[in-house]
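One structure is given below, encoded as structure tokens.
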Amino acid sequence: MALPGVKKDGREVKIYENADELSTDLADYVAELSEASVKERGVFAVALSGGSLISLMSKLCEAPYSKTVDWAKWYIFWADERVVAKNHADSNYKLAKDGLLSKVPFVPSHVHSINDTVSAEKAAEDYEFVIRQLVRTRVISVSDISDCPKFDLILLGMGPDGHVASLFPNHPVLEEKEEWVTFITDSPKPPPERITFTLPVINSASNVAVIVTGSSKAETVHLVIDDVEPDKPSLPAKMVQPTKGNLVWFLDKEAASKLDGSKFSQ
Ligand SMILES: O=C1O[C@H](COP(=O)(O)O)[C@@H](O)[C@H](O)[C@H]1O
């Protein structure tokens, strides 16, 4: 069960005793959104990230969710991907395949991984093309205030430097307003070549969840959520502000340890 959290500026912050409790509630949250979306639209379009997120989603592959979630209605995407072969240890697809996709009955043709045989630039272009096709057929909704895709759920992690997806601090792609998917070849965290959803796409989603654990990220969580130095250039995680969608932060106690305590009394 979450410790007392807070709802602020449309953003919900949930804090858990440990990663195990976070994982249980995250499974519940994703399963509920899946059910609501399938009821409303007949499908659930969800974008994953890599990193620690996938092991924190493991409870979704266990009972009761393994049986109750309508996996056949899921369409899977990646909010970011490293441009490496799909069987490479750095691949976000491989991470999800080993930890998630191989454990429950997803429809293989609904799993939209990147083209790993081309350059980062071409992979981003191809991925945006695939998303455009699925927006056209309404597998992915469209935002009513921009022409951006409106994913039912985008799941993000956050690095200690405040990066989300492959949007890194001070990188020019933070300014990208036209493309839905872009690429970088100079990631400060290896591997250097990556593709990533842009901020307009992330901020057009119906639901965005940022899942963060561990004390190494506590200072950045504090800077982002307590809005320290609001006038300074933003950390990428601080720029995640869905225009009309819901934003939920899932934190364990360590990641939340530097938050202003007063903000978390009910
Ligand atoms: O490089 C990446 O890092 C972030 C954060 O990873 P974490 O292991 O610190 O949670 C991840 O969300 C992103 O997808 C990945 O490519």
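As shown in the structure tokens, the chain order sets the letters A, B, ...; within each chain, residues go from 1, and ligands are also counted from 1 in the order they appear.
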Please produce, as CSV, a per-residue contact table for region 99-139 of chain A versus region 65-86 of chain A (criterion: any atom at most 8 Å away, only C-alpha atoms considered), showing the nearest atom pair and its distance in Å to one decimal, sorted by chain then residue number.
```
residue,atom,partner,partner_atom,distance
A:Val104,CA,A:Ser66,CA,6.3
A:Pro105,CA,A:Trp71,CA,6.0
A:Phe106,CA,A:Trp71,CA,5.3
A:Val107,CA,A:Ala72,CA,5.7
A:His110,CA,A:Tyr75,CA,4.7
A:Val111,CA,A:Ile76,CA,4.8
A:His112,CA,A:Phe77,CA,5.2
A:Ser113,CA,A:Phe77,CA,6.4
A:Ile114,CA,A:Glu81,CA,7.4
A:Asp116,CA,A:Ala85,CA,5.4
A:Thr117,CA,A:Ala85,CA,7.4
A:Ser119,CA,A:Val83,CA,7.6
A:Ala120,CA,A:Val83,CA,6.0
A:Ala123,CA,A:Val83,CA,7.8
A:Val139,CA,A:Tyr75,CA,7.9
```
Create the file for the chosen residues now, containing C-alpha atoms and written as an mmCIF file, in the first residue's frame.
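Final output, selection.cif:
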```cif
data_model
loop_
_atom_site.group_PDB
_atom_site.id
_atom_site.type_symbol
_atom_site.label_atom_id
_atom_site.label_comp_id
_atom_site.auth_asym_id
_atom_site.auth_seq_id
_atom_site.Cartn_x
_atom_site.Cartn_y
_atom_site.Cartn_z
ATOM 1 C CA VAL A 104 2.137 -13.555 -21.229
ATOM 2 C CA PRO A 105 0.273 -14.090 -24.524
ATOM 3 C CA PHE A 106 0.881 -10.884 -26.464
ATOM 4 C CA VAL A 107 0.037 -11.020 -30.181
ATOM 5 C CA HIS A 110 1.090 -6.110 -32.042
ATOM 6 C CA VAL A 111 4.647 -5.767 -30.727
ATOM 7 C CA HIS A 112 6.205 -2.804 -32.518
ATOM 8 C CA SER A 113 9.952 -2.838 -32.020
ATOM 9 C CA ILE A 114 12.348 -0.681 -34.051
ATOM 10 C CA ASP A 116 17.547 -2.613 -35.862
ATOM 11 C CA THR A 117 19.228 -3.039 -39.254
ATOM 12 C CA SER A 119 20.981 3.871 -38.884
ATOM 13 C CA ALA A 120 19.505 5.654 -35.864
ATOM 14 C CA ALA A 123 15.155 3.761 -37.454
ATOM 15 C CA VAL A 139 -5.109 1.629 -33.020
#
```
Q: Output as a VMD selection string all residues of region 111-264 of chain A that backbone DSSP marks as strand (DSSP E or B).
A: chain A and resid 111 141 to 142 149 to 150 153 to 156 164 167 181 to 184 194 to 197 207 to 212 246 to 252
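Distance-wise, CA of Glu219 (chain A) and CA of Ser234 (chain A) end up 14.5 Å apart.
Minimum distance to ligand 1 across A:Pro192, A:Gly159, A:Pro169, A:Gly42 (counting only C-alpha atoms and all ligand atoms) occurs at A:Gly159.
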At a cut-off of 6 Å, can you tabulate as JSON lines every residue of chain A near ligand 1 together with its closest atom pair and the distance in Å to one decimal, using only C-alpha atoms and all ligand atoms and ordering rows by chain then number?
```
{"residue": "A:Ser49", "atom": "CA", "partner": "ligand 1", "partner_atom_place_in_ligand_line": "14 (O)", "distance": 3.8}
{"residue": "A:Gly50", "atom": "CA", "partner": "ligand 1", "partner_atom_place_in_ligand_line": "14 (O)", "distance": 3.6}
{"residue": "A:Gly51", "atom": "CA", "partner": "ligand 1", "partner_atom_place_in_ligand_line": "8 (O)", "distance": 3.2}
{"residue": "A:Ser52", "atom": "CA", "partner": "ligand 1", "partner_atom_place_in_ligand_line": "10 (O)", "distance": 3.9}
{"residue": "A:Leu53", "atom": "CA", "partner": "ligand 1", "partner_atom_place_in_ligand_line": "10 (O)", "distance": 5.6}
{"residue": "A:Asp80", "atom": "CA", "partner": "ligand 1", "partner_atom_place_in_ligand_line": "14 (O)", "distance": 5.5}
{"residue": "A:Glu81", "atom": "CA", "partner": "ligand 1", "partner_atom_place_in_ligand_line": "16 (O)", "distance": 5.8}
{"residue": "A:Leu156", "atom": "CA", "partner": "ligand 1", "partner_atom_place_in_ligand_line": "12 (O)", "distance": 5.3}
{"residue": "A:Gly157", "atom": "CA", "partner": "ligand 1", "partner_atom_place_in_ligand_line": "12 (O)", "distance": 3.6}
{"residue": "A:Met158", "atom": "CA", "partner": "ligand 1", "partner_atom_place_in_ligand_line": "5 (C)", "distance": 4.5}
{"residue": "A:Gly159", "atom": "CA", "partner": "ligand 1", "partner_atom_place_in_ligand_line": "9 (O)", "distance": 4.2}
{"residue": "A:Val164", "atom": "CA", "partner": "ligand 1", "partner_atom_place_in_ligand_line": "12 (O)", "distance": 5.5}
{"residue": "A:Ala165", "atom": "CA", "partner": "ligand 1", "partner_atom_place_in_ligand_line": "13 (C)", "distance": 4.6}
{"residue": "A:Ser166", "atom": "CA", "partner": "ligand 1", "partner_atom_place_in_ligand_line": "16 (O)", "distance": 5.7}
```
(Q) One number please: CA of Val142 (chain A) to CA of Tyr127 (chain A), in Å, one decimal. (A) 16.5 Å
Q: Considering only C-alpha atoms, return as a list in words whatever protein or nucleic-acid residues lie within 8 Å of Gly99 (chain A), sequence-local ones (same chain, fewer than 6 positions apart) excluded.
A: Ile54, Ser55 and Ser58 of chain A
Could you dump the residues just selected with N, CA and C atoms as a JSON list (two decimals), in the first residue's frame?
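After the write, out-v4.json holds the following:
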```json
[["chain", "number", "residue", "atom", "x", "y", "z"],
["A", 54, "ILE", "N", 11.31, -2.57, -16.34],
["A", 54, "ILE", "CA", 10.80, -3.88, -16.74],
["A", 54, "ILE", "C", 10.73, -4.85, -15.55],
["A", 55, "SER", "N", 11.76, -4.86, -14.71],
["A", 55, "SER", "CA", 11.67, -5.78, -13.55],
["A", 55, "SER", "C", 10.60, -5.29, -12.58],
["A", 58, "SER", "N", 7.18, -6.82, -13.26],
["A", 58, "SER", "CA", 7.11, -8.28, -13.29],
["A", 58, "SER", "C", 5.80, -8.83, -12.71]]
```
Q.
Restricting the calculation to only C-alpha atoms: of A:Asp227, A:Glu254, A:Asp260, A:Asp152, which residue gets closest to Val30 (chain A)?
A. A:Asp152
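Residues in contact range of Glu32 (chain A), defined as at most 12 Å between only C-alpha atoms, with sequence neighbours fewer than 3 positions away removed, read Asp25, Leu26, Ala27, Asp28, Tyr29, Glu35, Ala36, Ser37, Val38, Lys39, Phe44, Leu60, Tyr65, Thr68, Val69, Asp70, Asp152, Leu153 and Asn207 of chain A.
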Selection above as a file: N, CA and C atoms, as a JSON list (two decimals), in the first residue's frame:
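Saved result, selection_30.json, follows:
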```json
[["chain", "number", "residue", "atom", "x", "y", "z"],
["A", 25, "ASP", "N", 1.43, -2.42, -6.81],
["A", 25, "ASP", "CA", 0.47, -1.36, -7.15],
["A", 25, "ASP", "C", 0.59, -0.94, -8.62],
["A", 26, "LEU", "N", 1.81, -1.00, -9.15],
["A", 26, "LEU", "CA", 2.01, -0.67, -10.57],
["A", 26, "LEU", "C", 1.26, -1.67, -11.45],
["A", 27, "ALA", "N", 1.30, -2.94, -11.07],
["A", 27, "ALA", "CA", 0.59, -3.96, -11.85],
["A", 27, "ALA", "C", -0.91, -3.66, -11.83],
["A", 28, "ASP", "N", -1.41, -3.28, -10.68],
["A", 28, "ASP", "CA", -2.82, -2.95, -10.53],
["A", 28, "ASP", "C", -3.21, -1.74, -11.39],
["A", 29, "TYR", "N", -2.35, -0.75, -11.36],
["A", 29, "TYR", "CA", -2.58, 0.50, -12.13],
["A", 29, "TYR", "C", -2.62, 0.20, -13.64],
["A", 35, "GLU", "N", -7.93, -2.33, -18.82],
["A", 35, "GLU", "CA", -9.35, -2.69, -18.84],
["A", 35, "GLU", "C", -10.21, -1.51, -19.34],
["A", 36, "ALA", "N", -9.91, -0.33, -18.82],
["A", 36, "ALA", "CA", -10.70, 0.86, -19.20],
["A", 36, "ALA", "C", -10.53, 1.17, -20.68],
["A", 37, "SER", "N", -9.31, 1.05, -21.17],
["A", 37, "SER", "CA", -9.03, 1.39, -22.56],
["A", 37, "SER", "C", -9.67, 0.36, -23.51],
["A", 38, "VAL", "N", -9.58, -0.92, -23.15],
["A", 38, "VAL", "CA", -10.18, -1.96, -24.00],
["A", 38, "VAL", "C", -11.70, -1.77, -24.04],
["A", 39, "LYS", "N", -12.26, -1.39, -22.89],
["A", 39, "LYS", "CA", -13.71, -1.16, -22.84],
["A", 39, "LYS", "C", -14.09, 0.02, -23.74],
["A", 44, "PHE", "N", -5.46, -1.40, -26.33],
["A", 44, "PHE", "CA", -4.65, -0.69, -25.33],
["A", 44, "PHE", "C", -3.28, -0.45, -25.95],
["A", 60, "LEU", "N", 2.93, -7.98, -13.15],
["A", 60, "LEU", "CA", 1.87, -7.98, -14.17],
["A", 60, "LEU", "C", 1.79, -9.35, -14.87],
["A", 65, "TYR", "N", -3.22, -11.10, -12.76],
["A", 65, "TYR", "CA", -3.18, -10.34, -14.02],
["A", 65, "TYR", "C", -2.87, -11.20, -15.24],
["A", 68, "THR", "N", -6.27, -12.31, -16.10],
["A", 68, "THR", "CA", -7.39, -11.38, -16.22],
["A", 68, "THR", "C", -7.17, -10.28, -17.26],
["A", 69, "VAL", "N", -5.91, -9.94, -17.54],
["A", 69, "VAL", "CA", -5.64, -8.87, -18.51],
["A", 69, "VAL", "C", -5.88, -9.40, -19.93],
["A", 70, "ASP", "N", -6.48, -8.56, -20.76],
["A", 70, "ASP", "CA", -6.80, -8.96, -22.14],
["A", 70, "ASP", "C", -5.58, -8.69, -23.05],
["A", 152, "ASP", "N", -2.39, 5.33, -24.91],
["A", 152, "ASP", "CA", -3.21, 5.12, -23.71],
["A", 152, "ASP", "C", -2.34, 5.21, -22.45],
["A", 153, "LEU", "N", -1.11, 4.73, -22.58],
["A", 153, "LEU", "CA", -0.19, 4.79, -21.44],
["A", 153, "LEU", "C", 1.25, 4.83, -21.94],
["A", 207, "ASN", "N", -2.22, 8.82, -20.38],
["A", 207, "ASN", "CA", -1.64, 8.54, -19.06],
["A", 207, "ASN", "C", -0.13, 8.40, -19.19]]
```
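Taking CA of Phe197 (chain A) and CA of Phe183 (chain A) as the two end points, the separation is 8.7 Å.
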Q: Quick one: pick out all helix (DSSP H, G or I) residues within region 61-103 of chain A from a backbone DSSP run and write them as a PyMOL selection string.
A: chain A and resi 61+65-68+71-73+92-101
Q: Determine the nearest neighbour of Val181 (chain A) from the options A:Pro200, A:Pro160, A:Pro242, A:Pro108, counting only C-alpha atoms.
A: A:Pro200
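Nearest residue to Trp180 (chain A) among A:Ala209, A:Leu134, A:Glu193, A:Glu125 is A:Glu125, counting only C-alpha atoms.
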Q: Using only C-alpha atoms, pick whichever of A:Lys150, A:Gly245, A:Ala63, A:Glu178 has the shortest atom-to-atom distance to Arg138 (chain A).
A: A:Lys150
Q: Have a look at A:His171, A:Leu101, A:Ile195, A:Met57 and name the one nearest to Lys122 (chain A); count only C-alpha atoms.
A: A:Ile195
